[in-house]
>>> print(open('final-v1.pdb').read())   # PDB, C-alpha atoms and all ligand atoms
MODEL        1
ATOM      1  CA  MET A   1      50.540   6.047 -12.750
ATOM      2  CA  LYS A   2      47.380   4.351 -13.883
ATOM      3  CA  SER A   3      47.629   1.807 -11.097
ATOM      4  CA  ILE A   4      48.125   4.551  -8.475
ATOM      5  CA  SER A   5      44.950   6.409  -9.433
ATOM      6  CA  LEU A   6      43.043   3.127  -9.459
ATOM      7  CA  PHE A   7      44.464   2.449  -6.020
ATOM      8  CA  LEU A   8      43.232   5.875  -4.821
ATOM      9  CA  ILE A   9      39.763   5.250  -6.198
ATOM     10  CA  ILE A  10      39.585   1.952  -4.351
ATOM     11  CA  ILE A  11      40.721   3.641  -1.110
ATOM     12  CA  ALA A  12      38.119   6.401  -1.549
ATOM     13  CA  ALA A  13      35.365   3.884  -2.212
ATOM     14  CA  ALA A  14      36.326   1.989   0.895
ATOM     15  CA  VAL A  15      36.439   5.108   3.066
ATOM     16  CA  ILE A  16      33.181   6.799   2.032
ATOM     17  CA  PRO A  17      30.666   4.221   3.292
ATOM     18  CA  ALA A  18      32.411   3.957   6.649
ATOM     19  CA  GLY A  19      32.288   7.712   7.262
ATOM     20  CA  CYS A  20      28.784   8.134   5.892
ATOM     21  CA  SER A  21      26.298   7.028   8.513
ATOM     22  CA  LYS A  22      22.573   7.409   7.888
ATOM     23  CA  LYS A  23      22.340  10.500  10.059
ATOM     24  CA  GLN A  24      24.962  12.356   8.095
ATOM     25  CA  SER A  25      23.504  11.685   4.692
ATOM     26  CA  SER A  26      21.958  15.149   4.543
ATOM     27  CA  ALA A  27      24.834  17.393   5.588
ATOM     28  CA  GLY A  28      24.946  15.947   9.113
ATOM     29  CA  ARG A  29      21.238  16.436   9.677
ATOM     30  CA  SER A  30      19.066  14.050  11.637
ATOM     31  CA  PHE A  31      15.341  14.121  12.317
ATOM     32  CA  THR A  32      13.427  11.655  14.455
ATOM     33  CA  ALA A  33       9.686  11.081  14.396
ATOM     34  CA  VAL A  34       8.363   8.851  17.162
ATOM     35  CA  CYS A  35       4.931   7.273  16.616
ATOM     36  CA  SER A  36       2.670   6.124  19.439
ATOM     37  CA  PHE A  37       1.546   2.835  17.854
ATOM     38  CA  TYR A  38       1.275   0.772  14.698
ATOM     39  CA  PRO A  39      -1.497   2.414  12.590
ATOM     40  CA  VAL A  40       0.008   5.907  12.852
ATOM     41  CA  TYR A  41       3.504   4.461  12.410
ATOM     42  CA  ILE A  42       2.596   3.055   8.983
ATOM     43  CA  ILE A  43       1.109   6.410   7.909
ATOM     44  CA  ALA A  44       4.206   8.301   9.109
ATOM     45  CA  LYS A  45       6.531   5.849   7.358
ATOM     46  CA  ASN A  46       4.746   6.511   4.076
ATOM     47  CA  VAL A  47       4.916  10.290   4.516
ATOM     48  CA  ALA A  48       8.603  10.275   5.502
ATOM     49  CA  ASP A  49       9.765   7.735   2.923
ATOM     50  CA  GLY A  50      13.105   8.603   1.330
ATOM     51  CA  VAL A  51      13.719  11.824   3.290
ATOM     52  CA  PRO A  52      17.457  11.999   3.993
ATOM     53  CA  GLY A  53      18.548  11.713   7.621
ATOM     54  CA  ILE A  54      15.067  10.852   8.889
ATOM     55  CA  SER A  55      14.220   8.096  11.291
ATOM     56  CA  VAL A  56      10.629   7.002  12.005
ATOM     57  CA  LYS A  57      10.170   4.870  15.104
ATOM     58  CA  ASN A  58       7.243   2.981  16.566
ATOM     59  CA  MET A  59       7.337   3.725  20.311
ATOM     60  CA  THR A  60       5.396   0.607  21.312
ATOM     61  CA  PRO A  61       6.484  -2.915  20.326
ATOM     62  CA  PRO A  62       4.537  -4.325  17.380
ATOM     63  CA  PHE A  63       2.618  -6.811  19.555
ATOM     64  CA  THR A  64       1.208  -4.080  21.844
ATOM     65  CA  GLY A  65      -1.920  -3.560  19.772
ATOM     66  CA  CYS A  66      -4.269  -0.785  20.888
ATOM     67  CA  LEU A  67      -3.063   1.567  23.592
ATOM     68  CA  HIS A  68      -6.118   1.335  25.847
ATOM     69  CA  ASP A  69      -4.757   1.754  29.390
ATOM     70  CA  TYR A  70      -1.166   1.847  28.142
ATOM     71  CA  SER A  71       1.417   3.361  30.522
ATOM     72  CA  VAL A  72       4.493   5.077  29.133
ATOM     73  CA  THR A  73       7.698   3.203  30.030
ATOM     74  CA  ALA A  74      11.174   4.573  30.843
ATOM     75  CA  GLU A  75      12.242   3.363  27.397
ATOM     76  CA  ASP A  76       9.422   5.359  25.760
ATOM     77  CA  MET A  77      10.543   8.464  27.669
ATOM     78  CA  LYS A  78      14.032   8.040  26.250
ATOM     79  CA  HIS A  79      12.601   7.888  22.732
ATOM     80  CA  LEU A  80      10.486  10.999  23.292
ATOM     81  CA  GLU A  81      13.369  12.930  24.784
ATOM     82  CA  HIS A  82      15.264  12.633  21.488
ATOM     83  CA  ALA A  83      12.259  13.048  19.206
ATOM     84  CA  ASP A  84      11.585  16.022  16.917
ATOM     85  CA  LEU A  85       7.980  15.025  16.229
ATOM     86  CA  PHE A  86       5.531  12.820  18.140
ATOM     87  CA  VAL A  87       2.911  11.291  15.851
ATOM     88  CA  THR A  88      -0.174  10.102  17.728
ATOM     89  CA  ASN A  89      -3.714   8.989  16.937
ATOM     90  CA  GLY A  90      -5.590  11.202  19.404
ATOM     91  CA  ALA A  91      -9.361  10.758  19.949
ATOM     92  CA  GLY A  92      -8.502   9.394  23.390
ATOM     93  CA  MET A  93      -6.339   6.464  22.240
ATOM     94  CA  GLU A  94      -3.251   7.749  24.087
ATOM     95  CA  SER A  95      -4.595   8.503  27.559
ATOM     96  CA  PHE A  96      -1.036   9.391  28.613
ATOM     97  CA  LEU A  97      -0.783  12.183  26.050
ATOM     98  CA  ASP A  98      -1.465  15.247  28.222
ATOM     99  CA  LYS A  99       1.157  14.171  30.747
ATOM    100  CA  THR A 100       3.860  13.557  28.154
ATOM    101  CA  ALA A 101       3.031  16.807  26.338
ATOM    102  CA  ALA A 102       3.546  18.664  29.632
ATOM    103  CA  LYS A 103       6.854  16.894  30.148
ATOM    104  CA  TYR A 104       8.238  17.749  26.693
ATOM    105  CA  PRO A 105       6.760  21.181  25.932
ATOM    106  CA  LYS A 106       9.058  21.734  22.937
ATOM    107  CA  LEU A 107       8.169  18.461  21.261
ATOM    108  CA  ILE A 108       5.757  18.969  18.362
ATOM    109  CA  THR A 109       2.891  16.531  18.884
ATOM    110  CA  VAL A 110       0.300  15.806  16.214
ATOM    111  CA  LYS A 111      -2.988  13.954  16.641
ATOM    112  CA  LEU A 112      -3.781  12.401  13.270
ATOM    113  CA  ALA A 113      -7.483  12.013  14.164
ATOM    114  CA  ASP A 114      -7.903  15.798  14.369
ATOM    115  CA  GLY A 115     -10.828  16.982  12.271
ATOM    116  CA  ILE A 116     -12.433  13.533  12.065
ATOM    117  CA  GLU A 117     -15.952  13.353  13.435
ATOM    118  CA  CYS A 118     -15.734  10.732  16.159
ATOM    119  CA  ILE A 119     -18.344   8.106  16.944
ATOM    120  CA  ILE A 120     -19.272   8.462  20.623
ATOM    121  CA  ASP A 121     -19.426   5.271  22.719
ATOM    122  CA  GLU A 122     -20.745   5.620  26.264
ATOM    123  CA  GLY A 123     -19.886   9.310  26.347
ATOM    124  CA  LYS A 124     -16.344   8.907  24.989
ATOM    125  CA  PRO A 125     -14.993   9.166  21.437
ATOM    126  CA  ASN A 126     -14.229   5.770  19.901
ATOM    127  CA  PRO A 127     -10.535   6.060  18.952
ATOM    128  CA  HIS A 128     -10.375   3.390  16.202
ATOM    129  CA  VAL A 129     -10.748   5.962  13.421
ATOM    130  CA  TRP A 130      -8.104   4.470  11.068
ATOM    131  CA  LEU A 131     -10.345   1.496  10.252
ATOM    132  CA  SER A 132     -12.301   3.670   7.851
ATOM    133  CA  VAL A 133     -10.199   4.185   4.719
ATOM    134  CA  SER A 134     -11.763   7.662   4.327
ATOM    135  CA  ASN A 135     -10.399   8.516   7.766
ATOM    136  CA  ALA A 136      -6.978   7.077   6.926
ATOM    137  CA  ILE A 137      -6.884   9.565   4.030
ATOM    138  CA  VAL A 138      -7.641  12.497   6.402
ATOM    139  CA  MET A 139      -4.999  11.190   8.833
ATOM    140  CA  THR A 140      -2.385  11.079   6.076
ATOM    141  CA  GLY A 141      -3.170  14.726   5.213
ATOM    142  CA  ASN A 142      -2.737  15.672   8.884
ATOM    143  CA  CYS A 143       0.527  13.752   9.018
ATOM    144  CA  VAL A 144       1.916  15.586   5.973
ATOM    145  CA  LYS A 145       1.081  18.956   7.576
ATOM    146  CA  ALA A 146       2.798  17.953  10.821
ATOM    147  CA  PHE A 147       6.000  16.803   9.105
ATOM    148  CA  ILE A 148       6.136  20.027   7.077
ATOM    149  CA  GLU A 149       5.629  22.097  10.233
ATOM    150  CA  ALA A 150       8.387  20.232  12.062
ATOM    151  CA  ASP A 151      10.808  19.934   9.129
ATOM    152  CA  ALA A 152      10.054  22.540   6.453
ATOM    153  CA  SER A 153      13.276  21.863   4.524
ATOM    154  CA  ASN A 154      11.792  18.637   3.154
ATOM    155  CA  ALA A 155       8.276  19.976   2.561
ATOM    156  CA  ASP A 156       8.210  18.969  -1.112
ATOM    157  CA  THR A 157       9.068  15.350  -0.384
ATOM    158  CA  TYR A 158       6.491  15.066   2.407
ATOM    159  CA  ARG A 159       3.859  16.563   0.130
ATOM    160  CA  ARG A 160       4.747  14.250  -2.758
ATOM    161  CA  ASN A 161       4.813  11.180  -0.494
ATOM    162  CA  GLY A 162       1.464  12.179   0.993
ATOM    163  CA  GLU A 163      -0.080  12.542  -2.446
ATOM    164  CA  ARG A 164       1.270   9.150  -3.479
ATOM    165  CA  TYR A 165      -0.062   7.379  -0.378
ATOM    166  CA  ILE A 166      -3.433   9.153  -0.544
ATOM    167  CA  GLY A 167      -3.629   8.021  -4.178
ATOM    168  CA  LYS A 168      -3.134   4.406  -3.080
ATOM    169  CA  LEU A 169      -5.649   4.786  -0.245
ATOM    170  CA  SER A 170      -8.196   6.293  -2.627
ATOM    171  CA  GLU A 171      -7.809   3.266  -4.891
ATOM    172  CA  LEU A 172      -8.271   0.991  -1.889
ATOM    173  CA  LYS A 173     -11.346   2.960  -0.834
ATOM    174  CA  LYS A 174     -12.954   2.557  -4.241
ATOM    175  CA  GLU A 175     -12.165  -1.148  -4.291
ATOM    176  CA  MET A 176     -13.659  -1.651  -0.808
ATOM    177  CA  ASP A 177     -16.692   0.548  -1.450
ATOM    178  CA  ASP A 178     -17.505  -1.416  -4.628
ATOM    179  CA  ALA A 179     -17.067  -4.769  -2.892
ATOM    180  CA  LEU A 180     -18.711  -4.092   0.477
ATOM    181  CA  LYS A 181     -21.474  -1.543  -0.023
ATOM    182  CA  PRO A 182     -23.744  -4.258  -1.517
ATOM    183  CA  PHE A 183     -23.697  -5.857   1.972
ATOM    184  CA  GLY A 184     -25.043  -2.666   3.599
ATOM    185  CA  GLY A 185     -27.631  -3.331   6.303
ATOM    186  CA  LYS A 186     -26.201  -6.758   7.252
ATOM    187  CA  ASN A 187     -25.668  -7.481  10.939
ATOM    188  CA  ILE A 188     -22.228  -8.400  12.235
ATOM    189  CA  VAL A 189     -20.842  -9.302  15.679
ATOM    190  CA  THR A 190     -17.312  -8.174  16.520
ATOM    191  CA  PHE A 191     -14.825  -8.385  19.380
ATOM    192  CA  HIS A 192     -13.517  -5.266  21.183
ATOM    193  CA  GLU A 193     -14.976  -2.043  19.886
ATOM    194  CA  ALA A 194     -12.591  -1.483  16.998
ATOM    195  CA  PHE A 195     -14.945  -1.644  14.042
ATOM    196  CA  PRO A 196     -17.689   1.029  14.213
ATOM    197  CA  TYR A 197     -15.919   3.321  11.684
ATOM    198  CA  PHE A 198     -15.347   0.393   9.357
ATOM    199  CA  ALA A 199     -18.995  -0.724   9.695
ATOM    200  CA  LYS A 200     -20.288   2.810   9.157
ATOM    201  CA  GLU A 201     -18.303   3.192   5.945
ATOM    202  CA  TYR A 202     -20.116   0.207   4.398
ATOM    203  CA  GLY A 203     -23.485   0.477   6.157
ATOM    204  CA  LEU A 204     -22.904  -2.702   8.189
ATOM    205  CA  VAL A 205     -24.703  -2.954  11.528
ATOM    206  CA  ILE A 206     -22.749  -4.078  14.609
ATOM    207  CA  ALA A 207     -25.420  -6.099  16.392
ATOM    208  CA  ALA A 208     -23.188  -6.964  19.351
ATOM    209  CA  VAL A 209     -19.632  -6.553  20.627
ATOM    210  CA  VAL A 210     -18.564  -9.683  22.480
ATOM    211  CA  GLU A 211     -15.673  -8.377  24.508
ATOM    212  CA  HIS A 212     -16.023  -4.848  25.834
ATOM    213  CA  GLU A 213     -12.681  -4.740  27.629
ATOM    214  CA  PRO A 214      -9.821  -5.919  25.395
ATOM    215  CA  GLY A 215      -8.185  -8.972  26.911
ATOM    216  CA  VAL A 216     -10.970  -9.504  29.463
ATOM    217  CA  GLU A 217     -13.146 -12.542  28.824
ATOM    218  CA  PRO A 218     -16.861 -11.759  29.045
ATOM    219  CA  SER A 219     -18.860 -13.275  31.902
ATOM    220  CA  ALA A 220     -21.261 -16.204  31.437
ATOM    221  CA  LYS A 221     -24.160 -13.747  31.636
ATOM    222  CA  GLU A 222     -22.650 -11.518  28.915
ATOM    223  CA  ILE A 223     -22.088 -14.566  26.705
ATOM    224  CA  ALA A 224     -25.716 -15.635  27.180
ATOM    225  CA  GLN A 225     -26.863 -12.128  26.218
ATOM    226  CA  THR A 226     -24.719 -12.164  23.087
ATOM    227  CA  VAL A 227     -26.086 -15.585  22.129
ATOM    228  CA  LEU A 228     -29.595 -14.107  22.305
ATOM    229  CA  THR A 229     -28.566 -11.103  20.186
ATOM    230  CA  VAL A 230     -26.863 -13.319  17.602
ATOM    231  CA  ARG A 231     -29.999 -15.465  17.302
ATOM    232  CA  LYS A 232     -32.342 -12.482  17.166
ATOM    233  CA  SER A 233     -30.337 -10.549  14.586
ATOM    234  CA  LYS A 234     -29.768 -13.667  12.460
ATOM    235  CA  VAL A 235     -26.001 -13.094  12.427
ATOM    236  CA  LYS A 236     -24.285 -15.821  10.437
ATOM    237  CA  ALA A 237     -20.717 -14.764  11.148
ATOM    238  CA  LEU A 238     -18.763 -13.734  14.230
ATOM    239  CA  PHE A 239     -15.682 -11.642  13.645
ATOM    240  CA  ALA A 240     -12.798 -12.314  16.032
ATOM    241  CA  GLU A 241      -9.500 -10.397  15.979
ATOM    242  CA  PRO A 242      -6.046 -11.937  15.708
ATOM    243  CA  GLN A 243      -4.755  -9.802  18.603
ATOM    244  CA  TYR A 244      -7.526 -10.816  20.983
ATOM    245  CA  PRO A 245      -7.997 -14.573  20.974
ATOM    246  CA  SER A 246     -11.185 -15.511  22.746
ATOM    247  CA  SER A 247     -12.746 -18.728  23.872
ATOM    248  CA  ALA A 248     -15.993 -16.761  24.167
ATOM    249  CA  ALA A 249     -16.191 -16.612  20.362
ATOM    250  CA  LYS A 250     -16.081 -20.408  20.172
ATOM    251  CA  THR A 251     -18.763 -20.778  22.823
ATOM    252  CA  ILE A 252     -21.051 -18.309  21.049
ATOM    253  CA  ALA A 253     -20.426 -19.902  17.653
ATOM    254  CA  ALA A 254     -21.200 -23.369  19.024
ATOM    255  CA  GLU A 255     -24.408 -22.145  20.717
ATOM    256  CA  THR A 256     -25.716 -20.297  17.675
ATOM    257  CA  GLY A 257     -24.396 -22.327  14.762
ATOM    258  CA  SER A 258     -22.584 -19.265  13.372
ATOM    259  CA  SER A 259     -19.048 -19.306  11.963
ATOM    260  CA  ILE A 260     -15.995 -17.453  13.255
ATOM    261  CA  PHE A 261     -14.004 -15.258  10.892
ATOM    262  CA  THR A 262     -11.022 -13.038  11.644
ATOM    263  CA  LEU A 263     -11.123  -9.290  11.079
ATOM    264  CA  ASP A 264      -7.836  -7.499  11.625
ATOM    265  CA  PRO A 265      -8.005  -4.055  13.314
ATOM    266  CA  ALA A 266      -4.576  -3.217  11.848
ATOM    267  CA  VAL A 267      -2.917  -2.545  15.198
ATOM    268  CA  THR A 268      -0.090  -5.027  14.618
ATOM    269  CA  GLY A 269       1.731  -6.066  11.476
ATOM    270  CA  ASP A 270       4.916  -5.842   9.449
ATOM    271  CA  ASP A 271       6.960  -2.786   8.498
ATOM    272  CA  ALA A 272       5.992  -2.631   4.818
ATOM    273  CA  LEU A 273       4.713   0.707   3.505
ATOM    274  CA  ASP A 274       1.628  -1.045   2.134
ATOM    275  CA  ALA A 275       0.983  -3.102   5.289
ATOM    276  CA  TYR A 276      -2.262  -1.266   6.176
ATOM    277  CA  ILE A 277      -3.520  -1.583   2.621
ATOM    278  CA  ALA A 278      -2.802  -5.332   2.635
ATOM    279  CA  ILE A 279      -4.601  -5.813   5.963
ATOM    280  CA  MET A 280      -7.681  -3.908   4.790
ATOM    281  CA  ARG A 281      -7.765  -5.849   1.541
ATOM    282  CA  LYS A 282      -7.717  -9.083   3.524
ATOM    283  CA  ASN A 283     -10.564  -7.787   5.710
ATOM    284  CA  LYS A 284     -12.525  -7.075   2.554
ATOM    285  CA  GLU A 285     -12.022 -10.659   1.317
ATOM    286  CA  THR A 286     -13.008 -12.044   4.735
ATOM    287  CA  LEU A 287     -16.242 -10.031   4.763
ATOM    288  CA  ILE A 288     -17.157 -11.076   1.244
ATOM    289  CA  GLN A 289     -16.647 -14.699   2.236
ATOM    290  CA  ALA A 290     -18.571 -14.332   5.496
ATOM    291  CA  LEU A 291     -21.538 -12.287   4.266
ATOM    292  CA  LYS A 292     -22.270 -13.684   0.830
TER     293      LYS A 292
HETATM  294 ZN    ZN B   1      -8.779  -0.850  20.470
ENDMDL
END
>>> encode(input="final-v1.pdb", output="structure tokens")
Amino acid sequence: MKSISLFLIIIAAAVIPAGCSKKQSSAGRSFTAVCSFYPVYIIAKNVADGVPGISVKNMTPPFTGCLHDYSVTAEDMKHLEHADLFVTNGAGMESFLDKTAAKYPKLITVKLADGIECIIDEGKPNPHVWLSVSNAIVMTGNCVKAFIEADASNADTYRRNGERYIGKLSELKKEMDDALKPFGGKNIVTFHEAFPYFAKEYGLVIAAVVEHEPGVEPSAKEIAQTVLTVRKSKVKALFAEPQYPSSAAKTIAAETGSSIFTLDPAVTGDDALDAYIAIMRKNKETLIQALK
């Protein structure tokens, strides 16, 4: 008798995992949040962590980087068709947004940059809002609200997750404020216009941006102009980005005797919940090293 019941227990244990896919873990429920790109994906992952039956997807492959001039692919459409929530940055980052919203009128779409006062560049909002930790905190709050609106049954978990992540971001903010505010007023030169929110947070002055169009090498004339600016503003450090390698940086560094450092705009990275925090911490260390 004893061996029969043991046998039944073993059978049951073997059967349960096979019949219990991820989607069915909450009474057959499934919920899919699709994110437009990496920075909002990491925020959404934090907010949705541990919610049963949820899946959070990054629509664009991790190497895509910023979505300037990005066109939605057939694959993306398939993702959006099955999505319950579309998490985007807004502030003009997803130029395709109006078209996709018209195509999927029932899909709840949230722009995490909503309510953030944008820096205007040449008449357009600069979309790189997440590079200020203060903004990342606002974005997390917006993300929590969107998940609760789309999936009220897990409101408590979203709220708790949001509080936990905002707590971590607040710690990061304090750490970065303490370390970087003493460098306020220093001139820096960056690549692609990703860093104005970051610079503003710490009172750094962006004296020049080397590459205005991501992926497009500046002309000889533009390089010469930047060399002049670097000399005039006594910039000691040029900040390149890992996603946008540039021979222009090397030319400018050689001409001006300045050094090249790497600042990461946090548009690519790993899947870890604390990935953004780790990237920003590394940026902090890089700036301390470059500006001291
Ligand atoms: Zn960008």
>>> closest_residue(input="final-v1.pdb", among="A:Gly141, A:Pro105, A:Pro196, A:Pro52", to="ligand ZN 1 (chain B)", atoms="only C-alpha atoms and all ligand atoms")
A:Pro196
>>> resolve_selection(input="final-v1.pdb", expression="the PyMOL selection byres (((not hetatm)) within 12 of (chain B and resi 1))", output="number ranges by chain")
A: 37-39, 64-70, 89, 91-94, 125-131, 190-196, 211-215, 241, 243-244, 264-268
>>> resolve_selection(input="final-v1.pdb", expression="the PyMOL selection byres (((chain A and resi 282-289) around 9) and not hetatm)", output="list in words")
Met176, Ala179, Leu180, Phe183, Phe261, Thr262, Leu263, Asp264, Pro265, Ile277, Ala278, Ile279, Met280, Arg281, Ala290, Leu291 and Lys292 of chain A
>>> atom_distance(input="final-v1.pdb", atom1="atom CA of A:Thr109", atom2="atom CA of A:Ala74")
18.8 Å
>>> closest_residue(input="final-v1.pdb", among="A:Asp76, A:Tyr202, A:Ala254, A:Glu81", to="A:Phe96", atoms="all atoms listed in the file")
A:Asp76
>>> atom_distance(input="final-v1.pdb", atom1="atom CA of A:Gly28", atom2="atom CA of A:Asp151")
14.7 Å
>>> resolve_selection(input="final-v1.pdb", expression="the PyMOL selection byres (((chain A and resi 152-163) around 7) and not hetatm)", output="MDAnalysis selection string")
chainID A and resid 46:49 51 140:141 144 147:151 164:167
>>> atom_distance(input="final-v1.pdb", atom1="atom CA of A:Thr229", atom2="atom CA of A:Gly123")
23.0 Å
>>> closest_residue(input="final-v1.pdb", among="A:Tyr41, A:Phe239, A:Phe31, A:Tyr197", to="A:Val133", atoms="only C-alpha atoms")
A:Tyr197
>>> closest_residue(input="final-v1.pdb", among="A:Ala102, A:Val56, A:Leu107, A:Cys143", to="A:Ser30", atoms="all atoms listed in the file")
A:Val56
>>> residues_around(input="final-v1.pdb", residues="A:Asp114", least_positions_apart="4", cutoff="9 Å", atoms="all atoms listed in the file", output="VMD selection string")
chain A and resid 89 to 91 110 138 to 139 142
